[in-house]
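Visitor: Here you go, this is target.txt (compact mmCIF, C-alpha atoms).
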# COMPACT_ATOMS: atom_id res chain seq x y z
CA MET A 20 24.64 146.86 -29.19
CA SER A 21 21.50 146.48 -31.27
CA SER A 22 18.37 148.50 -30.51
CA ARG A 23 15.06 147.00 -29.41
CA ILE A 24 13.49 147.82 -32.79
CA GLU A 25 16.21 145.78 -34.53
CA GLN A 26 15.55 142.90 -32.13
CA LEU A 27 11.81 143.11 -32.87
CA ILE A 28 12.43 142.98 -36.63
CA ASP A 29 14.65 139.92 -36.10
CA GLU A 30 11.96 138.28 -33.94
CA ILE A 31 9.28 138.92 -36.57
CA GLU A 32 11.51 137.51 -39.31
CA GLU A 33 12.28 134.43 -37.17
CA TYR A 34 8.59 133.98 -36.41
CA ILE A 35 7.65 134.17 -40.10
CA ASP A 36 10.42 131.68 -40.95
CA SER A 37 9.09 129.29 -38.28
CA CYS A 38 5.49 129.36 -39.58
CA LYS A 39 4.20 126.31 -41.43
CA TYR A 40 3.27 126.48 -45.10
CA GLN A 41 -0.33 126.10 -46.16
CA LEU A 42 -1.35 122.81 -47.68
CA ALA A 43 -0.16 122.50 -51.30
CA SER A 44 1.65 125.86 -51.20
CA ASN A 45 5.31 126.86 -51.11
CA THR A 46 4.67 130.58 -50.61
CA LYS A 47 1.65 130.92 -48.30
CA ILE A 48 2.11 130.35 -44.58
CA ILE A 49 -0.16 130.04 -41.56
CA VAL A 50 0.39 132.75 -38.91
CA ASN A 51 -0.98 133.16 -35.40
CA LYS A 52 -2.80 136.51 -35.53
CA GLU A 53 -2.35 137.26 -31.82
CA GLU A 54 1.40 136.61 -31.88
CA ILE A 55 2.09 138.68 -35.00
CA ASP A 56 -0.21 141.47 -33.72
CA GLU A 57 1.71 141.58 -30.42
CA LEU A 58 5.07 141.85 -32.18
CA LEU A 59 3.80 144.55 -34.54
CA ARG A 60 2.19 146.45 -31.63
CA GLU A 61 5.48 146.58 -29.74
CA LEU A 62 7.33 147.53 -32.92
CA ARG A 63 4.86 150.40 -33.46
CA MET A 64 5.43 151.61 -29.87
CA LYS A 65 9.24 151.42 -30.05
CA THR A 66 9.68 153.11 -33.45
CA PRO A 67 9.07 156.73 -32.19
CA ASP A 68 11.64 156.21 -29.39
CA GLU A 69 14.24 154.98 -31.87
CA ILE A 70 13.60 157.94 -34.16
CA LYS A 71 14.05 160.35 -31.20
CA ARG A 72 17.27 158.59 -30.31
CA TYR A 73 18.76 159.17 -33.75
CA GLN A 74 17.42 162.71 -33.87
CA LYS A 75 19.43 163.31 -30.70
CA ILE A 76 22.54 161.98 -32.43
CA ILE A 77 21.91 164.38 -35.31
CA SER A 78 21.42 167.28 -32.89
CA ASN A 79 24.92 166.62 -31.50
CA LYS A 80 26.20 168.26 -34.66
CA GLU A 81 25.40 171.65 -33.12
CA ALA A 82 27.24 170.70 -29.90
CA ILE A 83 30.34 169.72 -31.91
CA LEU A 84 30.26 173.00 -33.80
CA ASN A 85 29.78 175.03 -30.60
CA ASP A 86 32.78 173.30 -29.03
CA ALA A 87 34.86 174.08 -32.12
CA ARG A 88 33.77 177.72 -32.03
CA ALA A 89 34.73 177.95 -28.35
CA LYS A 90 38.19 176.54 -29.06
CA ALA A 91 38.65 178.90 -31.99
CA GLU A 92 37.60 181.93 -29.91
CA ALA A 93 39.97 180.87 -27.12
CA LEU A 94 42.86 180.71 -29.61
CA ILE A 95 42.02 184.13 -31.04
CA ASN A 96 41.68 185.65 -27.56
CA GLU A 97 45.02 184.17 -26.55
CA ALA A 98 46.59 185.56 -29.69
CA THR A 99 45.04 188.97 -29.03
CA VAL A 100 46.38 189.03 -25.46
CA HIS A 101 49.80 188.02 -26.68
CA THR A 102 49.67 190.74 -29.31
CA SER A 103 48.81 193.36 -26.71
CA GLU A 104 51.71 192.27 -24.55
CA LEU A 105 54.10 192.52 -27.46
CA ILE A 106 52.86 195.93 -28.54
CA ASN A 107 53.36 197.34 -25.04
CA GLU A 108 57.09 196.69 -25.27
CA HIS A 109 58.38 199.78 -27.04
CA GLU A 110 61.82 198.41 -27.83
CA ILE A 111 60.48 195.69 -30.07
CA MET A 112 57.43 197.53 -31.43
CA GLN A 113 57.95 196.56 -35.07
CA GLN A 114 58.78 192.98 -34.18
CA ALA A 115 55.73 192.89 -31.96
CA TYR A 116 53.47 193.90 -34.83
CA ALA A 117 54.96 191.26 -37.09
CA GLN A 118 54.72 188.55 -34.45
CA ALA A 119 51.22 189.62 -33.55
CA ASN A 120 50.03 189.37 -37.14
CA GLU A 121 51.70 186.00 -37.48
CA VAL A 122 50.09 184.69 -34.30
CA VAL A 123 46.65 186.00 -35.28
CA THR A 124 46.98 184.48 -38.76
CA LEU A 125 48.06 181.14 -37.32
CA ALA A 126 45.26 181.19 -34.75
CA THR A 127 42.68 182.04 -37.41
CA HIS A 128 43.97 179.24 -39.63
CA GLN A 129 43.86 176.73 -36.77
CA ALA A 130 40.37 177.90 -35.80
CA GLN A 131 39.15 177.42 -39.38
CA GLU A 132 40.67 173.93 -39.46
CA ILE A 133 38.89 173.04 -36.22
CA LEU A 134 35.58 174.34 -37.59
CA ASP A 135 36.02 172.48 -40.89
CA LYS A 136 36.88 169.23 -39.11
CA ALA A 137 33.96 169.60 -36.68
CA THR A 138 31.54 170.31 -39.54
CA LEU A 139 32.77 167.25 -41.45
CA GLU A 140 32.45 165.00 -38.38
CA ALA A 141 28.97 166.35 -37.60
CA ASN A 142 27.80 165.76 -41.18
CA GLU A 143 29.21 162.21 -41.11
CA VAL A 144 27.35 161.47 -37.85
CA ARG A 145 24.13 162.89 -39.29
CA SER A 146 24.51 160.99 -42.57
CA ALA A 147 25.23 157.69 -40.80
CA ALA A 148 22.24 158.14 -38.47
CA MET A 149 19.89 158.97 -41.35
CA GLN A 150 21.15 156.01 -43.42
CA TYR A 151 20.67 153.66 -40.48
CA MET A 152 17.11 154.89 -39.89
CA ASP A 153 16.31 154.64 -43.61
CA ASP A 154 17.58 151.04 -43.75
CA MET A 155 15.63 150.12 -40.63
CA LEU A 156 12.41 151.72 -41.92
CA ALA A 157 12.90 150.00 -45.30
CA ASN A 158 13.07 146.63 -43.52
CA LEU A 159 9.94 147.56 -41.57
CA GLU A 160 8.16 148.59 -44.80
CA ASN A 161 9.03 145.25 -46.44
CA LEU A 162 7.83 143.34 -43.38
CA ILE A 163 4.52 145.22 -43.31
CA GLY A 164 4.07 144.53 -47.05
CA GLN A 165 4.65 140.81 -46.50
CA THR A 166 2.15 140.81 -43.64
CA ILE A 167 -0.45 142.62 -45.79
CA ASN A 168 0.03 140.10 -48.63
CA MET A 169 -0.29 137.14 -46.28
CA THR A 170 -3.42 138.62 -44.67
CA ALA A 171 -5.01 139.27 -48.08
CA SER A 172 -4.32 135.72 -49.27
CA HIS A 173 -5.77 134.27 -46.06
CA TYR A 174 -8.89 136.41 -46.41
CA GLU A 175 -9.38 135.41 -50.06
CA SER A 176 -9.01 131.73 -49.15
CA PHE A 177 -11.53 132.14 -46.30
CA VAL A 178 -14.12 133.77 -48.62
CA ASN A 179 -13.65 131.06 -51.25
CA ASN A 180 -14.23 128.37 -48.62
CA LEU A 181 -17.43 130.10 -47.45
CA ASN A 182 -18.70 130.34 -51.02
CA GLY A 183 -18.04 126.61 -51.46
CA TYR A 184 -20.00 125.83 -48.28
CA ALA A 185 -22.88 128.05 -49.45
CA GLU A 186 -23.06 126.15 -52.76
CA ILE A 187 -23.24 122.83 -50.87
CA VAL A 188 -26.05 124.16 -48.63
CA ARG A 189 -28.04 125.36 -51.68
CA ALA A 190 -27.59 122.01 -53.39
CA ASN A 191 -28.74 120.13 -50.28
CA ARG A 192 -31.86 122.31 -49.98
CA ALA A 193 -32.68 121.72 -53.62
CA GLU A 194 -32.47 117.97 -53.07
CA LEU A 195 -34.91 118.24 -50.13
CA ARG A 196 -37.55 120.02 -52.28
CA PRO A 197 -37.88 118.54 -55.79
CA PRO A 198 -39.21 120.81 -58.58
CA ASP A 199 -42.69 119.15 -58.79
CA ILE A 200 -43.47 119.93 -55.12
CA GLU A 201 -42.31 123.52 -55.60
CA GLU A 202 -44.70 123.92 -58.57
CA LEU A 203 -47.69 122.52 -56.61
CA LEU A 204 -46.95 124.91 -53.75
CA ASN A 205 -46.69 127.89 -56.08
CA GLU A 206 -50.04 127.10 -57.84
CA GLY A 207 -52.17 127.46 -54.65
CA ASP A 208 -54.95 130.10 -54.64
CA GLY A 209 -54.44 131.18 -51.05
CA ASN A 210 -57.72 129.53 -49.77
CA GLY A 211 -56.21 126.49 -48.15
CA ASN A 212 -55.67 124.61 -51.40
CA ASN A 213 -51.96 124.39 -50.64
CA ALA A 214 -52.70 122.46 -47.48
CA LEU A 215 -55.08 120.23 -49.45
CA ASN A 216 -52.48 119.60 -52.10
CA LEU A 217 -49.88 118.72 -49.47
CA ASP A 218 -52.39 116.25 -47.92
CA MET A 219 -52.87 114.65 -51.30
CA LEU A 220 -49.15 114.18 -51.69
CA LYS A 221 -48.80 112.37 -48.37
As structure tokens, what does this structure read like?

Guide:
Amino acid sequence: MSSRIEQLIDEIEEYIDSCKYQLASNTKIIVNKEEIDELLRELRMKTPDEIKRYQKIISNKEAILNDARAKAEALINEATVHTSELINEHEIMQQAYAQANEVVTLATHQAQEILDKATLEANEVRSAAMQYMDDMLANLENLIGQTINMTASHYESFVNNLNGYAEIVRANRAELRPPDIEELLNEGDGNGNNALNLDMLK
């Protein structure tokens, strides 16, 4: 069963794939800022929960080891009790010692095997969880990079359009005020001559 953060990444990828390309471009797309912001906001909120979830999986390593230690101690205790019972039987004292040593050795060996197996399993769980989180965060990093690039290209296009409009406005103003009128206005002496000159031009 996939996690919510995986579903969100899939939704963002599907949304980006469904966006239309800009005019005369095969790489730039048009995105709805509110929709992409909503998806990214939820992704940002869910990421800490997913990290905690996999941290919990990693922490299970200690539980596995504790269980293995408990089983090993139980085996050793059982072997010790059995040894004591054998030693108390005087008629088979020597045999009891030999059997006791054999049982303790076997129990110790089995306990070590349990510990080794538990450690290996715990490390595998931890490694798999870390790899999964790294892959997921790598996908998230790539997605954020794509979003940043798209936003930058949109902003650059917007600024270029504004500059083009500003040039048109300046050109239109220049057409409204020819250079000869500008010169007459600038040559006034500040005593009403400008108004007189304007009357003469009417």

Visitor: Can you measure CA of Arg60 (chain A) to CA of Met149 (chain A) for me? One decimal in Å is fine.

Guide: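 Distance between the two atoms: 23.8 Å.
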
Visitor: Each residue of region 62-117 of chain A lying at most 7 Å from region 132-139 of chain A should get a row with its shortest atom-to-atom pair and the distance in Å to one decimal, counting only C-alpha atoms; could you produce that, ordered by chain and increasing number, as CSV?

Guide:
residue,atom,partner,partner_atom,distance
A:Ile83,CA,A:Ala137,CA,6.0
A:Leu84,CA,A:Ala137,CA,5.8
A:Ala87,CA,A:Leu134,CA,5.5
A:Arg88,CA,A:Leu134,CA,6.8

Visitor: Quick check, in Å to one decimal: how far apart do CA of Asn107 (chain A) and CA of Val123 (chain A) lie?

Guide: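 Taking CA of Asn107 (chain A) and CA of Val123 (chain A), their separation equals 16.7 Å.
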
Visitor: Give me, please, the distance in Å between CA of Asn45 (chain A) and CA of Val178 (chain A), quoted to one decimal.

Guide: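 It comes out at 20.8 Å.
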
Visitor: Taking (20.0, 151.7, -37.6) in the file's coordinates as the center, which residues reach within 12 Å of it, counting all atoms listed in the file, put as a PyMOL selection string?

Guide: chain A and resi 20-26+28+66+69-70+72-74+76+146-159

Visitor: Quick one: residues within 8 Å of Ile49 (chain A), all atoms listed in the file, excluding same-chain residues fewer than 5 positions away - as an mmCIF file with C-alpha atoms, in the frame of the given file?

Guide:
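For reference, selection_28.cif as written:
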data_model
loop_
_atom_site.group_PDB
_atom_site.id
_atom_site.type_symbol
_atom_site.label_atom_id
_atom_site.label_comp_id
_atom_site.auth_asym_id
_atom_site.auth_seq_id
_atom_site.Cartn_x
_atom_site.Cartn_y
_atom_site.Cartn_z
ATOM 1 C CA CYS A 38 5.490 129.360 -39.580
ATOM 2 C CA LYS A 39 4.200 126.310 -41.430
ATOM 3 C CA TYR A 40 3.270 126.480 -45.100
ATOM 4 C CA GLN A 41 -0.330 126.100 -46.160
#

Visitor: With all atoms listed in the file as the atoms that count, which of A:Gln113, A:Asn96, A:Asn161, A:Asn142 lies nearest to Ala130 (chain A)?

Guide: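 With all atoms listed in the file as the atom set, the closest residue is A:Asn96.
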
Visitor: With distances taken over only C-alpha atoms, which of A:Glu140, A:Ala43, A:Gln131, A:Tyr34 is nearest to Lys90 (chain A)?

Guide: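 Answer, going by the shortest atom-to-atom distance: A:Gln131.
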
Visitor: Using only C-alpha atoms, can you tell me which of A:Asn85, A:Gln129, A:Lys75, A:Ser176 comes closest to Leu42 (chain A)?

Guide: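 Looking only at the distances to Leu42 (chain A), the closest residue turns out to be A:Ser176.
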
Visitor: Might I get the box with edges along x, y and z of the file that holds all atoms of region 121-129 of chain A listed there, padded by 6 Å on every side, given as centre and edge lengths in Å to one decimal, as AutoDock Vina command-line options?

Guide:
--center_x 47.2 --center_y 181.4 --center_z -37.0 --size_x 21.0 --size_y 21.3 --size_z 17.3

Visitor: With only C-alpha atoms as the atoms that count, which of A:Ser44, A:Asn51, A:Asn179, A:Thr99 lies nearest to Gln118 (chain A)?

Guide: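 So, comparing all the options, the nearest one is A:Thr99.
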
Visitor: Which is closer to Thr124 (chain A) than all the others in A:Ile55, A:Ala89, A:Ala190, A:Leu94, using all atoms listed in the file?

Guide: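 Distance minimum relative to Thr124 (chain A) lands on A:Leu94.
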
Visitor: Would you list the contacts of Asn120 (chain A) as number ranges by chain, taking every protein, DNA or RNA residue within 12 Å and counting all atoms listed in the file, but skipping same-chain residues closer than 3 positions in sequence?

Guide: A: 95, 98-99, 101-103, 105-106, 113-117, 123-127
